[in-house]
>>> print(open('query_4.txt').read())   # compact mmCIF, C-alpha atoms
# COMPACT_ATOMS: atom_id res chain seq x y z
CA MET A 130 30.67 -60.85 28.07
CA ALA A 131 28.32 -63.01 30.06
CA SER A 132 26.69 -61.29 33.00
CA ASN A 133 23.91 -62.24 35.40
CA ILE A 134 25.68 -65.53 36.09
CA ARG A 135 24.38 -67.07 39.30
CA ILE A 136 27.26 -67.84 41.67
CA VAL A 137 27.15 -69.26 45.19
CA ILE A 138 29.93 -68.17 47.54
CA ALA A 139 30.17 -70.54 50.50
CA LYS A 140 32.08 -70.93 53.73
CA PRO A 141 32.31 -74.62 54.61
CA GLY A 142 33.20 -75.85 58.06
CA LEU A 143 34.27 -74.19 61.28
CA ASP A 144 35.90 -71.05 59.99
CA GLY A 145 34.88 -67.55 60.94
CA HIS A 146 37.09 -65.65 58.52
CA ASP A 147 34.94 -64.31 55.72
CA ARG A 148 36.72 -61.16 54.58
CA GLY A 149 38.03 -62.97 51.51
CA ALA A 150 34.64 -64.48 50.66
CA LYS A 151 33.02 -61.06 50.98
CA VAL A 152 35.63 -59.37 48.77
CA VAL A 153 35.11 -62.02 46.10
CA ALA A 154 31.31 -61.76 46.40
CA ARG A 155 31.52 -58.00 46.05
CA THR A 156 33.83 -58.23 43.04
CA LEU A 157 31.51 -60.65 41.27
CA ARG A 158 28.51 -58.47 42.06
CA ASP A 159 30.24 -55.42 40.65
CA ALA A 160 30.95 -57.36 37.48
CA GLY A 161 27.20 -57.81 37.02
CA HIS A 162 26.73 -61.29 38.46
CA GLU A 163 24.11 -62.49 40.91
CA VAL A 164 25.92 -63.73 43.97
CA ILE A 165 24.28 -65.82 46.66
CA TYR A 166 26.24 -65.77 49.89
CA THR A 167 25.62 -68.66 52.29
CA GLY A 168 26.99 -67.17 55.49
CA LEU A 169 29.44 -68.85 57.83
CA ARG A 170 29.89 -72.44 59.02
CA ARG A 171 27.93 -74.37 56.43
CA THR A 172 28.14 -78.13 56.05
CA ALA A 173 29.02 -79.66 52.69
CA LYS A 174 25.44 -80.88 52.38
CA GLN A 175 23.92 -77.48 53.09
CA ILE A 176 26.15 -75.90 50.47
CA VAL A 177 25.21 -78.45 47.83
CA GLU A 178 21.50 -78.02 48.57
CA THR A 179 21.88 -74.26 48.23
CA VAL A 180 23.61 -74.64 44.86
CA ARG A 181 20.82 -76.96 43.73
CA ASP A 182 17.90 -74.80 44.89
CA GLU A 183 19.45 -71.57 43.61
CA ASP A 184 20.41 -73.10 40.26
CA ALA A 185 23.93 -71.69 40.48
CA ARG A 186 26.35 -72.12 37.57
CA PHE A 187 29.43 -71.59 39.76
CA LEU A 188 30.34 -72.42 43.34
CA GLY A 189 33.16 -70.62 45.15
CA LEU A 190 34.46 -72.26 48.35
CA SER A 191 36.48 -70.27 50.86
CA SER A 192 38.50 -71.79 53.65
CA LEU A 193 41.15 -70.37 55.94
CA SER A 194 40.93 -73.01 58.62
CA GLY A 195 43.22 -75.63 57.10
CA ALA A 196 40.39 -78.12 56.65
CA HIS A 197 40.16 -77.67 52.88
CA ASN A 198 41.57 -81.13 52.15
CA HIS A 199 38.66 -82.60 54.02
CA LEU A 200 35.83 -80.20 53.15
CA PHE A 201 36.37 -79.30 49.49
CA PRO A 202 36.46 -82.91 48.15
CA ARG A 203 33.35 -83.73 50.17
CA VAL A 204 31.44 -80.85 48.55
CA CYS A 205 32.57 -82.01 45.10
CA GLU A 206 31.51 -85.58 45.82
CA LEU A 207 28.05 -84.51 47.00
CA LEU A 208 27.57 -82.23 43.99
CA VAL A 209 28.11 -85.17 41.66
CA GLU A 210 25.83 -87.38 43.76
CA GLU A 211 23.07 -84.77 43.53
CA GLY A 212 23.37 -84.67 39.75
CA LEU A 213 25.04 -81.26 39.74
CA SER A 214 28.09 -82.36 37.74
CA ASP A 215 27.93 -79.31 35.49
CA VAL A 216 28.48 -76.80 38.31
CA ILE A 217 31.92 -75.18 38.04
CA VAL A 218 33.77 -75.12 41.36
CA PHE A 219 36.60 -72.82 42.43
CA GLY A 220 38.27 -72.33 45.78
CA GLY A 221 40.23 -69.80 47.73
CA GLY A 222 41.83 -69.02 51.04
CA ILE A 223 44.93 -70.43 52.70
CA ILE A 224 45.55 -73.41 50.44
CA PRO A 225 49.21 -74.48 50.27
CA GLU A 226 50.67 -75.17 46.84
CA ASP A 227 51.26 -78.83 47.73
CA ASP A 228 47.56 -79.40 48.42
CA ARG A 229 46.33 -77.98 45.15
CA PRO A 230 46.89 -80.87 42.69
CA ALA A 231 44.69 -83.20 44.76
CA LEU A 232 41.93 -80.59 44.90
CA HIS A 233 42.15 -80.09 41.13
CA ASP A 234 41.75 -83.85 40.80
CA CYS A 235 38.41 -83.60 42.64
CA GLY A 236 37.17 -81.24 39.94
CA ILE A 237 38.02 -77.86 41.45
CA ARG A 238 39.05 -75.74 38.45
CA ALA A 239 40.81 -72.85 40.13
CA ILE A 240 42.36 -72.07 43.50
CA PHE A 241 43.09 -68.49 44.44
CA GLY A 242 45.43 -67.65 47.30
CA PRO A 243 45.88 -64.37 49.18
CA GLY A 244 47.04 -61.56 46.91
CA THR A 245 45.12 -62.74 43.84
CA PRO A 246 44.04 -59.70 41.82
CA THR A 247 40.22 -59.61 41.74
CA ASP A 248 40.35 -59.16 37.95
CA GLU A 249 41.94 -62.57 37.68
CA ILE A 250 38.92 -64.17 39.33
CA LEU A 251 36.60 -62.41 36.86
CA GLU A 252 38.77 -63.56 34.00
CA PHE A 253 38.54 -67.13 35.28
CA ILE A 254 34.73 -66.90 35.47
CA GLN A 255 34.46 -65.59 31.90
CA THR A 256 36.87 -68.18 30.54
CA ALA A 257 35.29 -71.10 32.38
CA TYR A 258 31.76 -69.99 31.46
CA SER A 259 32.44 -70.50 27.78
CA MET A 260 34.11 -73.90 28.18
CA GLU A 261 32.55 -77.34 27.93
CA ASN A 262 32.92 -80.27 30.28
CA ILE A 263 34.66 -78.48 33.11
CA GLY A 264 31.91 -78.84 35.69
CA VAL A 265 32.89 -80.63 38.88
CA GLY A 266 31.96 -83.98 37.34
CA GLY A 267 33.18 -83.17 33.83
CA ASP A 268 36.11 -85.01 32.28
CA GLY A 269 37.74 -81.87 30.89
CA ASN A 270 41.34 -81.76 32.05
CA TRP A 271 41.65 -77.99 32.39
CA ASN A 272 42.67 -75.93 35.40
CA TRP A 273 43.23 -72.21 35.79
CA GLN A 274 46.89 -71.31 36.43
CA SER A 275 46.53 -68.80 39.25
CA THR A 276 49.18 -66.23 40.08
CA ALA A 277 48.85 -66.50 43.85
CA MET B 285 11.56 -75.43 25.79
CA ASP B 286 12.93 -78.35 27.79
CA VAL B 287 9.81 -80.45 28.30
CA ASP B 288 11.56 -83.20 30.28
CA GLN B 289 12.98 -80.59 32.62
CA ILE B 290 9.53 -79.15 33.27
CA ARG B 291 7.98 -82.55 33.82
CA MET B 292 10.73 -83.51 36.24
CA ALA B 293 10.25 -80.25 38.09
CA LEU B 294 6.54 -80.93 38.43
CA GLY B 295 7.39 -84.46 39.58
CA GLY B 296 9.32 -83.10 42.54
CA ASN B 297 12.91 -82.85 41.28
CA ARG B 298 14.33 -79.76 42.94
CA ARG B 299 17.19 -79.33 40.49
CA SER B 300 14.73 -79.22 37.62
CA LEU B 301 12.47 -76.88 39.56
CA ALA B 302 15.36 -74.48 40.13
CA ARG B 303 16.45 -74.66 36.50
CA THR B 304 12.93 -74.08 35.21
CA LEU B 305 12.54 -71.07 37.48
CA THR B 306 15.77 -69.69 36.03
CA ASN B 307 14.42 -70.22 32.53
CA ILE B 308 11.21 -68.40 33.42
CA GLU B 309 13.19 -65.60 35.02
CA ASN B 310 15.43 -65.26 31.96
CA GLY B 311 12.49 -65.44 29.58
CA THR B 312 13.73 -68.54 27.74
CA VAL B 313 10.43 -70.22 28.58
CA THR B 314 7.17 -68.43 29.33
CA ILE B 315 4.43 -69.42 31.71
CA GLN B 316 2.01 -69.39 28.76
CA GLN B 317 4.11 -72.07 27.03
CA ILE B 318 4.12 -74.18 30.19
CA ARG B 319 0.36 -73.76 30.58
CA SER B 320 -0.33 -74.92 27.06
CA LEU B 321 2.08 -77.82 27.47
CA LEU B 322 0.06 -78.99 30.46
CA GLY B 323 -3.26 -77.99 29.00
CA GLU B 324 -3.95 -75.66 31.90
CA ASN B 325 -5.79 -72.39 31.90
CA GLU B 326 -4.76 -69.16 33.51
CA PRO B 327 -5.47 -69.59 37.21
CA SER B 328 -8.36 -67.58 38.57
CA ASP B 329 -8.02 -66.32 42.11
CA LYS B 330 -11.45 -67.30 43.33
CA SER B 331 -10.14 -69.26 46.27
CA ASN B 332 -10.36 -67.90 49.80
CA ALA B 333 -7.00 -69.27 50.83
CA TRP B 334 -3.93 -67.41 49.61
CA GLY B 335 -1.35 -68.87 47.31
CA SER B 336 1.11 -66.03 47.64
CA LEU B 337 1.87 -63.69 50.49
CA ALA B 338 4.10 -60.63 50.15
CA ILE B 339 6.01 -59.65 53.24
CA THR B 340 7.40 -56.17 53.11
CA GLY B 341 8.77 -53.50 55.40
CA ALA B 342 11.68 -51.17 55.94
CA PRO B 343 15.23 -52.54 56.05
CA GLY B 344 16.24 -53.92 59.43
CA VAL B 345 12.79 -54.48 60.94
CA GLY B 346 13.43 -58.22 60.99
CA LYS B 347 11.68 -59.54 57.90
CA SER B 348 14.06 -62.42 57.18
CA CYS B 349 14.30 -63.45 60.80
CA LEU B 350 10.53 -63.51 61.24
CA ILE B 351 9.97 -65.28 57.92
CA ASP B 352 12.41 -67.98 59.03
CA LYS B 353 10.27 -68.69 62.08
CA LEU B 354 7.05 -68.65 60.05
CA LEU B 355 8.47 -71.09 57.49
CA LYS B 356 9.41 -73.46 60.27
CA ILE B 357 5.96 -73.40 61.85
CA TRP B 358 4.08 -73.74 58.56
CA ALA B 359 6.31 -76.56 57.35
CA GLN B 360 5.88 -78.39 60.65
CA GLN B 361 2.12 -78.18 60.12
CA GLY B 362 2.59 -80.05 56.85
CA ASN B 363 2.50 -77.15 54.38
CA ARG B 364 4.85 -76.99 51.43
CA VAL B 365 6.24 -73.48 51.63
CA ALA B 366 8.41 -71.70 49.10
CA LEU B 367 10.21 -68.45 49.80
CA LEU B 368 11.17 -66.07 47.02
CA ALA B 369 13.63 -63.69 48.65
CA ILE B 370 14.16 -60.56 46.61
CA ASP B 371 17.18 -58.29 46.85
CA PRO B 372 18.08 -55.27 44.74
CA SER B 373 20.29 -55.34 41.66
CA SER B 374 22.84 -52.58 41.32
CA PRO B 375 21.42 -50.07 38.83
CA ARG B 376 24.99 -49.36 37.72
CA THR B 377 26.39 -52.82 37.08
CA GLY B 378 23.29 -55.02 37.12
CA GLY B 379 24.91 -57.31 39.67
CA ALA B 380 23.40 -58.31 42.98
CA LEU B 381 24.45 -59.72 46.31
CA LEU B 382 21.68 -62.00 47.52
CA GLY B 383 22.14 -62.55 51.21
CA ASP B 384 18.73 -63.44 52.60
CA ARG B 385 19.65 -67.10 53.01
CA VAL B 386 22.15 -66.18 55.69
CA ARG B 387 19.33 -65.67 58.15
CA ILE B 388 17.15 -68.57 57.10
CA THR B 389 17.97 -71.58 59.27
CA SER B 390 14.71 -73.53 58.99
CA ILE B 391 15.98 -75.06 55.73
CA ASP B 392 18.78 -76.71 57.75
CA ASN B 393 16.24 -78.59 59.85
CA GLU B 394 16.36 -82.20 58.58
CA ALA B 395 12.80 -82.92 59.65
CA ILE B 396 11.20 -80.22 57.52
CA LYS B 397 13.69 -79.21 54.85
CA ASN B 398 11.90 -81.17 52.13
CA GLN B 399 8.89 -78.97 52.70
CA ILE B 400 10.76 -75.71 52.27
CA TYR B 401 12.16 -74.27 49.06
CA ILE B 402 14.13 -71.02 49.04
CA ARG B 403 15.11 -69.06 46.00
CA SER B 404 16.97 -65.73 45.91
CA ILE B 405 15.93 -63.30 43.21
CA ALA B 406 17.51 -60.06 42.04
CA THR B 407 15.27 -57.18 40.95
CA ARG B 408 17.28 -56.81 37.70
CA LYS B 409 15.80 -54.07 35.50
CA SER B 410 12.59 -53.72 37.47
CA SER B 411 12.11 -50.45 39.33
CA GLY B 412 9.76 -51.81 41.98
CA SER B 413 10.50 -53.93 45.01
CA VAL B 414 9.30 -57.03 43.18
CA PRO B 415 10.00 -57.80 39.52
CA LEU B 416 6.84 -58.74 37.67
CA ILE B 417 8.30 -62.02 36.41
CA VAL B 418 7.97 -63.23 40.00
CA ALA B 419 4.23 -63.62 39.34
CA ASP B 420 5.04 -66.26 36.71
CA MET B 421 7.54 -67.96 39.01
CA ILE B 422 4.84 -68.15 41.69
CA GLU B 423 2.43 -69.72 39.23
CA PHE B 424 4.97 -72.40 38.33
CA LEU B 425 5.66 -73.10 42.01
CA HIS B 426 1.92 -73.61 42.48
CA MET B 427 1.90 -76.06 39.56
CA ALA B 428 4.74 -77.93 41.29
CA LYS B 429 2.57 -78.19 44.43
CA TRP B 430 4.33 -75.51 46.44
CA ASP B 431 1.01 -74.26 47.68
CA LYS B 432 2.17 -71.42 49.90
CA VAL B 433 4.60 -68.99 48.32
CA VAL B 434 6.02 -66.24 50.50
CA VAL B 435 7.62 -63.29 48.74
CA GLU B 436 10.09 -61.30 50.77
CA THR B 437 10.45 -57.92 49.14
CA VAL B 438 13.30 -55.49 49.07
CA GLY B 439 13.25 -53.44 52.24
CA SER B 440 10.81 -50.79 51.21
CA GLY B 441 9.38 -47.52 52.33
CA GLN B 442 5.92 -46.10 52.61
CA SER B 443 5.25 -45.48 48.98
CA GLU B 444 6.49 -48.87 47.79
CA VAL B 445 3.38 -50.74 46.80
CA ARG B 446 4.41 -52.57 43.68
CA CYS B 447 4.62 -55.78 45.65
CA ALA B 448 0.86 -55.48 45.87
CA ALA B 449 0.71 -56.19 42.18
CA ILE B 450 1.73 -59.80 42.45
CA ALA B 451 0.70 -61.32 45.78
CA ASP B 452 -2.69 -62.45 47.03
CA ARG B 453 -2.04 -60.86 50.43
CA ILE B 454 0.23 -58.15 51.75
CA VAL B 455 1.78 -58.19 55.19
CA VAL B 456 3.71 -55.17 56.39
CA ILE B 457 6.36 -55.61 59.08
CA GLU B 458 7.03 -52.61 61.26
CA GLY B 459 9.49 -52.03 64.06
CA PRO B 460 9.17 -50.14 67.32
CA ALA B 461 9.67 -46.41 67.54
CA ARG B 462 9.04 -45.78 63.88
CA GLY B 463 8.20 -42.15 64.41
CA ASP B 464 5.29 -40.51 66.18
CA GLY B 465 1.57 -41.07 65.68
CA VAL B 466 1.55 -38.92 62.56
CA GLN B 467 3.65 -41.50 60.71
CA ALA B 468 0.86 -44.00 61.16
CA GLU B 469 -1.58 -41.55 59.59
CA LYS B 470 0.42 -41.10 56.42
CA ALA B 471 -0.92 -42.76 53.33
CA GLY B 472 0.94 -45.48 51.54
CA LEU B 473 1.78 -49.10 51.99
CA LEU B 474 -0.09 -49.46 55.30
CA GLU B 475 -3.36 -48.69 53.56
CA LEU B 476 -2.91 -51.80 51.47
CA ALA B 477 -1.84 -54.12 54.28
CA ASP B 478 -3.97 -57.19 54.97
CA ALA B 479 -2.09 -57.54 58.25
CA VAL B 480 0.58 -55.59 60.11
CA ILE B 481 3.21 -57.12 62.36
CA VAL B 482 5.12 -54.97 64.79
CA ASN B 483 8.33 -56.92 65.33
CA LYS B 484 11.00 -56.43 68.01
CA SER B 485 8.27 -56.25 70.65
CA ASP B 486 10.96 -56.73 73.28
CA LEU B 487 12.19 -53.20 72.60
CA PRO B 488 10.56 -50.09 74.04
CA GLY B 489 7.97 -48.37 71.91
CA ALA B 490 6.64 -51.47 70.14
CA SER B 491 3.28 -51.77 71.87
CA LYS B 492 2.74 -48.03 71.67
CA HIS B 493 3.38 -48.18 67.92
CA ALA B 494 0.94 -51.09 67.57
CA GLU B 495 -1.73 -49.09 69.41
CA GLU B 496 -1.19 -46.09 67.19
CA LEU B 497 -1.53 -48.23 64.10
CA LEU B 498 -4.76 -49.78 65.36
CA GLU B 499 -6.17 -46.37 66.19
CA SER B 500 -5.30 -45.15 62.75
CA PHE B 501 -6.93 -48.18 61.08
CA GLU B 502 -10.08 -47.79 63.16
CA LEU B 503 -10.52 -44.25 61.89
CA GLY B 504 -10.21 -45.41 58.30
CA LEU B 505 -12.54 -47.17 55.91
CA GLY B 506 -13.24 -50.89 55.82
CA ASP B 507 -12.24 -53.69 58.13
CA VAL B 508 -9.39 -53.21 60.54
CA PRO B 509 -6.53 -55.55 59.61
CA PRO B 510 -4.94 -57.60 62.38
CA VAL B 511 -2.04 -55.87 64.12
CA ILE B 512 0.24 -58.41 65.78
CA LEU B 513 3.17 -57.89 68.14
CA THR B 514 6.08 -60.29 67.76
CA SER B 515 9.65 -60.72 68.79
CA ALA B 516 11.16 -63.05 66.20
CA LEU B 517 14.42 -63.12 68.15
CA ASN B 518 12.81 -64.31 71.39
CA GLU B 519 10.07 -66.27 69.61
CA ILE B 520 7.31 -64.29 71.31
CA GLY B 521 4.01 -63.96 69.46
CA VAL B 522 5.35 -65.86 66.48
CA ASN B 523 2.99 -68.82 66.86
CA GLU B 524 0.03 -66.49 66.99
CA ALA B 525 1.28 -64.58 63.95
CA ALA B 526 1.73 -67.85 62.03
CA LYS B 527 -1.84 -68.85 62.88
CA VAL B 528 -3.35 -65.54 61.84
CA LEU B 529 -1.32 -65.24 58.66
CA ILE B 530 -1.90 -68.73 57.28
CA HIS B 531 -5.66 -68.14 57.34
CA LEU B 532 -5.40 -64.47 56.45
CA ALA B 533 -8.43 -63.33 54.51
CA ASP B 534 -8.36 -60.76 51.78
CA SER B 535 -9.23 -57.56 53.59
CA GLY B 536 -10.70 -56.20 50.39
CA ARG B 537 -9.03 -52.92 51.16
CA SER B 538 -6.50 -53.28 48.45
CA VAL B 539 -8.33 -54.81 45.48
CA ARG B 540 -8.48 -51.66 43.37
CA ALA B 541 -5.04 -50.52 44.38
CA ARG B 542 -3.71 -53.95 43.56
CA TRP B 543 -5.13 -53.83 40.04
CA ARG B 544 -3.81 -50.32 39.63
CA GLU B 545 -0.33 -51.56 40.48
CA ARG B 546 -0.63 -54.60 38.24
CA LEU B 547 -1.62 -52.34 35.39
CA LEU B 548 1.31 -50.02 36.00
CA ALA B 549 3.68 -52.93 36.41
CA HIS B 550 2.60 -54.48 33.11
CA ASN B 551 3.00 -51.16 31.38
CA GLU B 552 6.45 -50.74 32.86
CA ARG B 553 7.43 -54.23 31.79
CA LYS B 554 6.35 -53.45 28.25
CA ILE B 555 8.61 -50.40 28.21
CA LEU B 556 11.58 -52.18 29.76
CA GLU B 557 11.29 -55.12 27.41
CA SER B 558 10.83 -53.01 24.29
CA PRO B 559 13.51 -53.66 21.67
CA LYS B 560 13.49 -49.92 20.93
CA LEU B 561 14.36 -48.93 24.49
CA GLU B 562 18.12 -48.53 24.07
CA GLU B 563 17.71 -46.54 20.88
CA ILE B 564 15.12 -44.27 22.49
CA LEU B 565 17.28 -43.70 25.58
CA ALA B 566 20.17 -42.75 23.31
CA SER B 567 17.97 -40.30 21.41
CA LEU B 568 16.65 -38.81 24.64
CA ALA B 569 20.16 -38.41 25.99
CA VAL B 570 21.24 -36.31 23.01
CA GLY B 571 17.94 -34.45 22.92
CA SER B 572 16.92 -35.52 19.44
CA ILE B 573 13.41 -36.56 20.57
CA SER B 574 11.09 -35.33 23.32
CA ILE B 575 9.79 -37.45 26.15
CA ASP B 576 6.30 -37.33 24.65
CA GLU B 577 7.60 -38.71 21.38
CA ALA B 578 9.45 -41.41 23.31
CA VAL B 579 6.28 -42.48 25.12
CA ARG B 580 4.38 -42.55 21.84
CA THR B 581 7.03 -44.68 20.15
CA LEU B 582 7.16 -47.12 23.06
CA SER B 583 3.41 -47.58 23.19
CA GLY B 584 3.50 -48.30 19.47
CA GLU B 585 1.42 -45.35 18.32
>>> encode(input="query_4.txt", output="structure tokens")
Amino acid sequence: MASNIRIVIAKPGLDGHDRGAKVVARTLRDAGHEVIYTGLRRTAKQIVETVRDEDARFLGLSSLSGAHNHLFPRVCELLVEEGLSDVIVFGGGIIPEDDRPALHDCGIRAIFGPGTPTDEILEFIQTAYSMENIGVGGDGNWNWQSTA
Amino acid sequence: MDVDQIRMALGGNRRSLARTLTNIENGTVTIQQIRSLLGENEPSDKSNAWGSLAITGAPGVGKSCLIDKLLKIWAQQGNRVALLAIDPSSPRTGGALLGDRVRITSIDNEAIKNQIYIRSIATRKSSGSVPLIVADMIEFLHMAKWDKVVVETVGSGQSEVRCAAIADRIVVIEGPARGDGVQAEKAGLLELADAVIVNKSDLPGASKHAEELLESFELGLGDVPPVILTSALNEIGVNEAAKVLIHLADSGRSVRARWRERLLAHNERKILESPKLEEILASLAVGSISIDEAVRTLSGE
């Protein structure tokens, strides 16, 4: 199993709820990964620059404010612009089922709602790590089927 | 070795810089390989100005907060400053939560963010507050024209001096009310400090602590290092600290101790990187070899 994967966990936009982000960060840490947490209220640009400077393989975006349809695609767009197409992006928080297909279309490979078992997130990371072409700018047409 | 990647990193591409640092950290490329690629020799530290500055101190004294302010001032003066922020890896799982960026806001400042580079580093297998591979990462940052590299170490205690092994200068951050005068007399990290900053000067006990430290230094051997009072939160004394630290001379107090630590660190790295390590640990655990035999095997005797 791959360990020591560098993963950025980020909170875009005006949203002060970071319990979920912290639980995910902790889970990833306990699985042996190196997790960089950005702190609250980051702009899309700040998040992308952090991913670039930290050389992260994965980016996890958390939003509970309802602004995910605006913020998540913007982050994906900027990642591609910065030449970070190979970074694998996943999201979580309060993301209604109806909103998910559009986010997947932007290159977000998994979306985890409340109640997701933490093991499922680890399984996603391991599976995605070994796949080709599923970075945010990749043309792979694969998405994780999440249970929540 | 990805030569294009390295050349792009040296040409100023931050993505390539970050990727190359990862490769150095993971050991997929060595600094010796990069040196020979560029036809460079091992750098000699003859220069009076520092290329790397270790900032250390106990958890919660305000290291990150103060470093943020220093980065801002130095970048505004036109320096290219890199910060290597080190946090511990879990000895059980090997994972790490790297959260120093949370407190660093100077990188969000549009006017200076191109002159600041921040990288979070986990200690991984290293037992000290700074993994030795950081020395190679610093050297590459210097090659890429990041002239001033600040290393923020794991919040450390008195006896933690391994950071001395890699940086040109050592700055110790203290807080107020860190025990009575006897604490200042104890041996350890403070003896190696090229400068001491007493942060949180807005709280009671800070100036008293600074006086006690000065007194203690004056009784000791060699030059007295600067002792500076700051309040990073209220931005008091920070400009002065930035001025003193950027020109900080080698106090000469720590040269031997520094080499002692470098020696120990290299020895430790040899043990930790030995292909026989796992096998030896297994043998030790079941008692089939003695610790003396283990040491002999590891040192290749």
>>> residues_around(input="query_4.txt", residues="Asp288 (chain B)", least_positions_apart="3", cutoff="12 Å", atoms="only C-alpha atoms", output="PyMOL selection string")
chain B and resi 285+291-295+297+300-301+303-304+318+321
>>> closest_residue(input="query_4.txt", among="B:Thr514, B:Ser348, B:Thr407, B:Gln361", to="chain A", atoms="all atoms listed in the file")
B:Thr407
>>> interface_residues(input="query_4.txt", of="chain A", to="chain B", cutoff="12 Å", atoms="only C-alpha atoms", output="PDB file with C-alpha atoms, in the coordinates of the input")
ATOM      1  CA  ALA A 131      28.320 -63.010  30.060  1.00  0.00           C
ATOM      2  CA  SER A 132      26.690 -61.290  33.000  1.00  0.00           C
ATOM      3  CA  ASN A 133      23.910 -62.240  35.400  1.00  0.00           C
ATOM      4  CA  ILE A 134      25.680 -65.530  36.090  1.00  0.00           C
ATOM      5  CA  ARG A 135      24.380 -67.070  39.300  1.00  0.00           C
ATOM      6  CA  ILE A 136      27.260 -67.840  41.670  1.00  0.00           C
ATOM      7  CA  VAL A 137      27.150 -69.260  45.190  1.00  0.00           C
ATOM      8  CA  ILE A 138      29.930 -68.170  47.540  1.00  0.00           C
ATOM      9  CA  ALA A 139      30.170 -70.540  50.500  1.00  0.00           C
ATOM     10  CA  LYS A 140      32.080 -70.930  53.730  1.00  0.00           C
ATOM     11  CA  LYS A 151      33.020 -61.060  50.980  1.00  0.00           C
ATOM     12  CA  VAL A 152      35.630 -59.370  48.770  1.00  0.00           C
ATOM     13  CA  VAL A 153      35.110 -62.020  46.100  1.00  0.00           C
ATOM     14  CA  ALA A 154      31.310 -61.760  46.400  1.00  0.00           C
ATOM     15  CA  ARG A 155      31.520 -58.000  46.050  1.00  0.00           C
ATOM     16  CA  THR A 156      33.830 -58.230  43.040  1.00  0.00           C
ATOM     17  CA  LEU A 157      31.510 -60.650  41.270  1.00  0.00           C
ATOM     18  CA  ARG A 158      28.510 -58.470  42.060  1.00  0.00           C
ATOM     19  CA  ASP A 159      30.240 -55.420  40.650  1.00  0.00           C
ATOM     20  CA  ALA A 160      30.950 -57.360  37.480  1.00  0.00           C
ATOM     21  CA  GLY A 161      27.200 -57.810  37.020  1.00  0.00           C
ATOM     22  CA  HIS A 162      26.730 -61.290  38.460  1.00  0.00           C
ATOM     23  CA  GLU A 163      24.110 -62.490  40.910  1.00  0.00           C
ATOM     24  CA  VAL A 164      25.920 -63.730  43.970  1.00  0.00           C
ATOM     25  CA  ILE A 165      24.280 -65.820  46.660  1.00  0.00           C
ATOM     26  CA  TYR A 166      26.240 -65.770  49.890  1.00  0.00           C
ATOM     27  CA  THR A 167      25.620 -68.660  52.290  1.00  0.00           C
ATOM     28  CA  GLY A 168      26.990 -67.170  55.490  1.00  0.00           C
ATOM     29  CA  LEU A 169      29.440 -68.850  57.830  1.00  0.00           C
ATOM     30  CA  ARG A 170      29.890 -72.440  59.020  1.00  0.00           C
ATOM     31  CA  ARG A 171      27.930 -74.370  56.430  1.00  0.00           C
ATOM     32  CA  THR A 172      28.140 -78.130  56.050  1.00  0.00           C
ATOM     33  CA  ALA A 173      29.020 -79.660  52.690  1.00  0.00           C
ATOM     34  CA  LYS A 174      25.440 -80.880  52.380  1.00  0.00           C
ATOM     35  CA  GLN A 175      23.920 -77.480  53.090  1.00  0.00           C
ATOM     36  CA  ILE A 176      26.150 -75.900  50.470  1.00  0.00           C
ATOM     37  CA  VAL A 177      25.210 -78.450  47.830  1.00  0.00           C
ATOM     38  CA  GLU A 178      21.500 -78.020  48.570  1.00  0.00           C
ATOM     39  CA  THR A 179      21.880 -74.260  48.230  1.00  0.00           C
ATOM     40  CA  VAL A 180      23.610 -74.640  44.860  1.00  0.00           C
ATOM     41  CA  ARG A 181      20.820 -76.960  43.730  1.00  0.00           C
ATOM     42  CA  ASP A 182      17.900 -74.800  44.890  1.00  0.00           C
ATOM     43  CA  GLU A 183      19.450 -71.570  43.610  1.00  0.00           C
ATOM     44  CA  ASP A 184      20.410 -73.100  40.260  1.00  0.00           C
ATOM     45  CA  ALA A 185      23.930 -71.690  40.480  1.00  0.00           C
ATOM     46  CA  ARG A 186      26.350 -72.120  37.570  1.00  0.00           C
ATOM     47  CA  LEU A 208      27.570 -82.230  43.990  1.00  0.00           C
ATOM     48  CA  GLU A 211      23.070 -84.770  43.530  1.00  0.00           C
ATOM     49  CA  GLY A 212      23.370 -84.670  39.750  1.00  0.00           C
ATOM     50  CA  LEU A 213      25.040 -81.260  39.740  1.00  0.00           C
ATOM     51  CA  SER A 214      28.090 -82.360  37.740  1.00  0.00           C
ATOM     52  CA  ASP A 215      27.930 -79.310  35.490  1.00  0.00           C
ATOM     53  CA  VAL A 216      28.480 -76.800  38.310  1.00  0.00           C
TER      54      VAL A 216
END
>>> residues_around(input="query_4.txt", residues="Ser192 (chain A)", least_positions_apart="2", cutoff="12 Å", atoms="all atoms listed in the file", output="ChimeraX atom specification")
/A:138-150,169-171,189-190,194-201,219-225,240-243
>>> atom_distance(input="query_4.txt", atom1="CA of Glu545 (chain B)", atom2="CA of Lys432 (chain B)")
22.1 Å
>>> closest_residue(input="query_4.txt", among="B:Ala526, B:Val418, B:Leu474, B:Leu561", to="Leu350 (chain B)", atoms="only C-alpha atoms")
B:Ala526
>>> atom_distance(input="query_4.txt", atom1="CA of Arg540 (chain B)", atom2="CA of Asp507 (chain B)")
15.4 Å
>>> residues_around(input="query_4.txt", residues="Phe253 (chain A)", least_positions_apart="4", cutoff="7 Å", atoms="all atoms listed in the file", output="PyMOL selection string")
chain A and resi 249+257+273
>>> atom_distance(input="query_4.txt", atom1="CA of Asn307 (chain B)", atom2="CA of Met421 (chain B)")
9.7 Å
>>> closest_residue(input="query_4.txt", among="B:His426, B:Arg546, B:Lys347, B:Lys356", to="Val480 (chain B)", atoms="all atoms listed in the file")
B:Lys347
